[in-house]
Amino acid sequence: MHVKMNVNGAEVEGLAEPRTLLIHFLREQLSLTGPHIGCETSHCGACTVDLNGKSVKSCTVFVAQSNGANVTTIEGIANADGTLHALQEAFREHHGLQCGFCTPGMITRAYRLLQENPNPSEEEIRHGISGNLCRCTGYQNIVKAIQAASDELNASKEAAQ
């Protein structure tokens with residue numbers, strides 16, 4: 001089938017079988033290798049992307065379901081000038097990653113979480129990222145990074161007003 005969608009702010013199109021998973025379309029057709037293929041059963045969250053304003057695990061979404069959708073991957077979270085988004089910078093500064101395998105999905109989920117709740121508590125952050133697994137960090141620095149990004153984004157909003 002012919003598929004068209006907006007990915008990271010750009011209109012894209014391609015040919016794919018309707019049963020093709022979104023993660024495979026993104027990685028193989030569009031060369032967007034930020035979202036990772038982990039468990040392929042929706043347990044790990046390494047493949048998390050933003051689809052029409054919701055966090056989804058792209059290993060469970062068919063490309064046919066994404067036709068006409070707006071998709072944001074980790075590649076689309078950076079600022080337009082190429083600088084890191086506050087979340088990406090906070091993960092770097094607060095050591096919110098080790099091996100980095102879960103990081104794209106974790107940041108993409110945190111990005112949506114902060115859109116839904118700009119000032120989450122530690123408990124809300126932990127609940128918000130509970131569908132994304134990390135085997136290296138123990139989550140403490142991930143939570144600190146999300147809290148720091150929340151503070152930075154809120155301060156930027158206040159300064160802009």
# chains A, B, ... in the order shown; residues from 1 in each chain; ligands from 1
call {"tool": "closest_atom_pairs", "arguments": {"of": "stretch 73-158 of chain A", "to": "stretch 16-37 of chain A", "cutoff": "7 Å", "atoms": "only C-alpha atoms", "output": "CSV"}}
result
residue,atom,partner,partner_atom,distance
A:Thr73,CA,A:Pro35,CA,6.7
A:Ile74,CA,A:Gly34,CA,5.9
A:Glu75,CA,A:Gly34,CA,6.4
A:Pro104,CA,A:Pro35,CA,5.8
A:Gly105,CA,A:Pro35,CA,6.3
call {"tool": "residues_around", "arguments": {"residues": "A:Gly100", "least_positions_apart": "5", "cutoff": "12 Å", "atoms": "only C-alpha atoms", "output": "VMD selection string"}}
result
chain A and resid 34 to 36 46 88 91 to 92 95 105 to 107 133 to 137 142
call {"tool": "closest_residue", "arguments": {"among": "A:Pro120, A:Gly9, A:Gly45, A:Gly14", "to": "A:Ala148", "atoms": "only C-alpha atoms"}}
result
A:Pro120
call {"tool": "closest_residue", "arguments": {"among": "A:Gln98, A:Ser42, A:Ser58, A:Asn70", "to": "A:Lys4", "atoms": "only C-alpha atoms"}}
result
A:Asn70
call {"tool": "select_by_dssp", "arguments": {"residues": "chain A", "states": "strand (DSSP E or B)", "output": "list in words"}}
result
His2, Val3, Lys4, Met5, Asn6, Val7, Ala10, Glu11, Val12, Glu13, Gly14, Leu15, Leu21, Thr48, Val49, Asp50, Leu51, Lys54, Ser55, Val56, Lys57, Phe62, Asn70, Val71 and Thr72 of chain A
call {"tool": "select_by_dssp", "arguments": {"residues": "chain A", "states": "helix (DSSP H, G or I)", "output": "ChimeraX atom specification"}}
result
/A:22-29,63-66,74-76,86-93,103-116,122-128,140-160
call {"tool": "closest_residue", "arguments": {"among": "A:Ala160, A:His43, A:Arg109, A:Asn8", "to": "A:Ala78", "atoms": "only C-alpha atoms"}}
result
A:Asn8
call {"tool": "residues_around", "arguments": {"residues": "A:Ser156", "least_positions_apart": "6", "cutoff": "12 Å", "atoms": "only C-alpha atoms", "output": "JSON, numbers by chain"}}
result
{"A": [86, 118, 149, 150]}
call {"tool": "closest_residue", "arguments": {"among": "A:His85, A:Lys144, A:Lys54, A:Lys157", "to": "A:Glu122", "atoms": "only C-alpha atoms"}}
result
A:Lys144
call {"tool": "closest_residue", "arguments": {"among": "A:Cys47, A:Ala10, A:Ile146, A:Ala80", "to": "A:Tyr111", "atoms": "only C-alpha atoms"}}
result
A:Ile146
call {"tool": "atom_distance", "arguments": {"atom1": "atom CA of A:Ser55", "atom2": "atom CA of A:Gly38"}}
result
16.3 Å
call {"tool": "decode", "arguments": {"residues": "stretch 83-98 of chain A", "atoms": "all heavy atoms", "output": "mmCIF file, in the first residue's frame"}}
result
data_model
loop_
_atom_site.group_PDB
_atom_site.id
_atom_site.type_symbol
_atom_site.label_atom_id
_atom_site.label_comp_id
_atom_site.auth_asym_id
_atom_site.auth_seq_id
_atom_site.Cartn_x
_atom_site.Cartn_y
_atom_site.Cartn_z
ATOM 1 N N THR A 83 20.277 21.954 18.112
ATOM 2 C CA THR A 83 20.696 21.807 19.507
ATOM 3 C C THR A 83 19.768 20.814 20.208
ATOM 4 O O THR A 83 18.644 20.569 19.772
ATOM 5 C CB THR A 83 20.668 23.157 20.255
ATOM 6 O OG1 THR A 83 19.340 23.697 20.206
ATOM 7 C CG2 THR A 83 21.652 24.144 19.634
ATOM 8 N N LEU A 84 20.266 20.262 21.288
ATOM 9 C CA LEU A 84 19.489 19.275 22.021
ATOM 10 C C LEU A 84 18.283 19.912 22.710
ATOM 11 O O LEU A 84 18.360 21.034 23.218
ATOM 12 C CB LEU A 84 20.357 18.581 23.069
ATOM 13 C CG LEU A 84 21.525 17.747 22.562
ATOM 14 C CD1 LEU A 84 22.318 17.175 23.739
ATOM 15 C CD2 LEU A 84 21.043 16.644 21.646
ATOM 16 N N HIS A 85 17.184 19.169 22.755
ATOM 17 C CA HIS A 85 16.003 19.550 23.520
ATOM 18 C C HIS A 85 16.391 19.473 25.002
ATOM 19 O O HIS A 85 17.332 18.765 25.384
ATOM 20 C CB HIS A 85 14.869 18.572 23.198
ATOM 21 C CG HIS A 85 13.583 18.885 23.886
ATOM 22 N ND1 HIS A 85 13.309 18.441 25.156
ATOM 23 C CD2 HIS A 85 12.503 19.580 23.471
ATOM 24 C CE1 HIS A 85 12.100 18.861 25.501
ATOM 25 N NE2 HIS A 85 11.594 19.560 24.492
ATOM 26 N N ALA A 86 15.679 20.191 25.843
ATOM 27 C CA ALA A 86 15.972 20.199 27.280
ATOM 28 C C ALA A 86 16.011 18.787 27.865
ATOM 29 O O ALA A 86 16.837 18.493 28.740
ATOM 30 C CB ALA A 86 14.948 21.053 28.020
ATOM 31 N N LEU A 87 15.149 17.893 27.395
ATOM 32 C CA LEU A 87 15.168 16.511 27.883
ATOM 33 C C LEU A 87 16.451 15.792 27.483
ATOM 34 O O LEU A 87 17.061 15.097 28.305
ATOM 35 C CB LEU A 87 13.977 15.732 27.316
ATOM 36 C CG LEU A 87 12.733 15.692 28.173
ATOM 37 C CD1 LEU A 87 11.561 15.175 27.369
ATOM 38 C CD2 LEU A 87 12.946 14.862 29.418
ATOM 39 N N GLN A 88 16.836 15.950 26.245
ATOM 40 C CA GLN A 88 18.063 15.300 25.781
ATOM 41 C C GLN A 88 19.268 15.815 26.551
ATOM 42 O O GLN A 88 20.144 15.045 26.958
ATOM 43 C CB GLN A 88 18.229 15.525 24.280
ATOM 44 C CG GLN A 88 17.147 14.839 23.465
ATOM 45 C CD GLN A 88 17.106 15.317 22.028
ATOM 46 O OE1 GLN A 88 17.163 16.519 21.762
ATOM 47 N NE2 GLN A 88 17.011 14.380 21.100
ATOM 48 N N GLU A 89 19.306 17.109 26.749
ATOM 49 C CA GLU A 89 20.409 17.721 27.498
ATOM 50 C C GLU A 89 20.401 17.245 28.952
ATOM 51 O O GLU A 89 21.452 16.943 29.522
ATOM 52 C CB GLU A 89 20.289 19.246 27.429
ATOM 53 C CG GLU A 89 21.471 19.984 27.997
ATOM 54 C CD GLU A 89 22.768 19.734 27.233
ATOM 55 O OE1 GLU A 89 22.747 19.627 25.996
ATOM 56 O OE2 GLU A 89 23.817 19.644 27.905
ATOM 57 N N ALA A 90 19.218 17.157 29.551
ATOM 58 C CA ALA A 90 19.115 16.715 30.947
ATOM 59 C C ALA A 90 19.548 15.260 31.104
ATOM 60 O O ALA A 90 20.207 14.911 32.094
ATOM 61 C CB ALA A 90 17.691 16.905 31.458
ATOM 62 N N PHE A 91 19.199 14.408 30.146
ATOM 63 C CA PHE A 91 19.649 13.016 30.215
ATOM 64 C C PHE A 91 21.175 12.960 30.167
ATOM 65 O O PHE A 91 21.797 12.158 30.866
ATOM 66 C CB PHE A 91 19.045 12.188 29.071
ATOM 67 C CG PHE A 91 17.781 11.472 29.455
ATOM 68 C CD1 PHE A 91 16.616 12.172 29.719
ATOM 69 C CD2 PHE A 91 17.750 10.092 29.537
ATOM 70 C CE1 PHE A 91 15.440 11.524 30.055
ATOM 71 C CE2 PHE A 91 16.579 9.422 29.881
ATOM 72 C CZ PHE A 91 15.426 10.136 30.138
ATOM 73 N N ARG A 92 21.776 13.818 29.356
ATOM 74 C CA ARG A 92 23.234 13.857 29.261
ATOM 75 C C ARG A 92 23.843 14.381 30.562
ATOM 76 O O ARG A 92 24.753 13.787 31.130
ATOM 77 C CB ARG A 92 23.661 14.741 28.085
ATOM 78 C CG ARG A 92 25.152 14.713 27.794
ATOM 79 C CD ARG A 92 25.528 15.703 26.704
ATOM 80 N NE ARG A 92 25.365 17.094 27.113
ATOM 81 C CZ ARG A 92 26.192 17.750 27.939
ATOM 82 N NH1 ARG A 92 27.240 17.144 28.433
ATOM 83 N NH2 ARG A 92 25.967 19.006 28.250
ATOM 84 N N GLU A 93 23.320 15.481 31.049
ATOM 85 C CA GLU A 93 23.875 16.123 32.244
ATOM 86 C C GLU A 93 23.689 15.297 33.513
ATOM 87 O O GLU A 93 24.534 15.327 34.397
ATOM 88 C CB GLU A 93 23.235 17.500 32.451
ATOM 89 C CG GLU A 93 23.710 18.544 31.487
ATOM 90 C CD GLU A 93 23.056 19.897 31.737
ATOM 91 O OE1 GLU A 93 22.457 20.102 32.822
ATOM 92 O OE2 GLU A 93 23.137 20.736 30.833
ATOM 93 N N HIS A 94 22.575 14.613 33.625
ATOM 94 C CA HIS A 94 22.247 13.894 34.861
ATOM 95 C C HIS A 94 22.501 12.390 34.752
ATOM 96 O O HIS A 94 22.012 11.623 35.581
ATOM 97 C CB HIS A 94 20.793 14.176 35.262
ATOM 98 C CG HIS A 94 20.572 15.605 35.626
ATOM 99 N ND1 HIS A 94 20.792 16.094 36.892
ATOM 100 C CD2 HIS A 94 20.192 16.661 34.878
ATOM 101 C CE1 HIS A 94 20.547 17.383 36.912
ATOM 102 N NE2 HIS A 94 20.181 17.762 35.695
ATOM 103 N N HIS A 95 23.224 11.993 33.738
ATOM 104 C CA HIS A 95 23.600 10.587 33.548
ATOM 105 C C HIS A 95 22.376 9.675 33.538
ATOM 106 O O HIS A 95 22.352 8.625 34.177
ATOM 107 C CB HIS A 95 24.608 10.137 34.622
ATOM 108 C CG HIS A 95 25.752 11.077 34.762
ATOM 109 N ND1 HIS A 95 26.742 11.180 33.797
ATOM 110 C CD2 HIS A 95 26.052 11.991 35.719
ATOM 111 C CE1 HIS A 95 27.607 12.104 34.185
ATOM 112 N NE2 HIS A 95 27.214 12.614 35.329
ATOM 113 N N GLY A 96 21.355 10.089 32.774
ATOM 114 C CA GLY A 96 20.118 9.329 32.671
ATOM 115 C C GLY A 96 20.211 8.196 31.677
ATOM 116 O O GLY A 96 19.197 7.647 31.267
ATOM 117 N N LEU A 97 21.417 7.859 31.273
ATOM 118 C CA LEU A 97 21.595 6.748 30.349
ATOM 119 C C LEU A 97 22.917 6.066 30.658
ATOM 120 O O LEU A 97 23.819 6.664 31.214
ATOM 121 C CB LEU A 97 21.581 7.226 28.894
ATOM 122 C CG LEU A 97 22.629 8.296 28.529
ATOM 123 C CD1 LEU A 97 23.805 7.688 27.808
ATOM 124 C CD2 LEU A 97 21.978 9.359 27.693
ATOM 125 N N GLN A 98 22.976 4.820 30.312
ATOM 126 C CA GLN A 98 24.253 4.107 30.405
ATOM 127 C C GLN A 98 24.536 3.473 29.058
ATOM 128 O O GLN A 98 25.260 4.033 28.260
ATOM 129 C CB GLN A 98 24.232 3.090 31.547
ATOM 130 C CG GLN A 98 24.383 3.762 32.890
ATOM 131 C CD GLN A 98 24.412 2.783 34.045
ATOM 132 O OE1 GLN A 98 24.587 1.586 33.890
ATOM 133 N NE2 GLN A 98 24.223 3.304 35.245
#
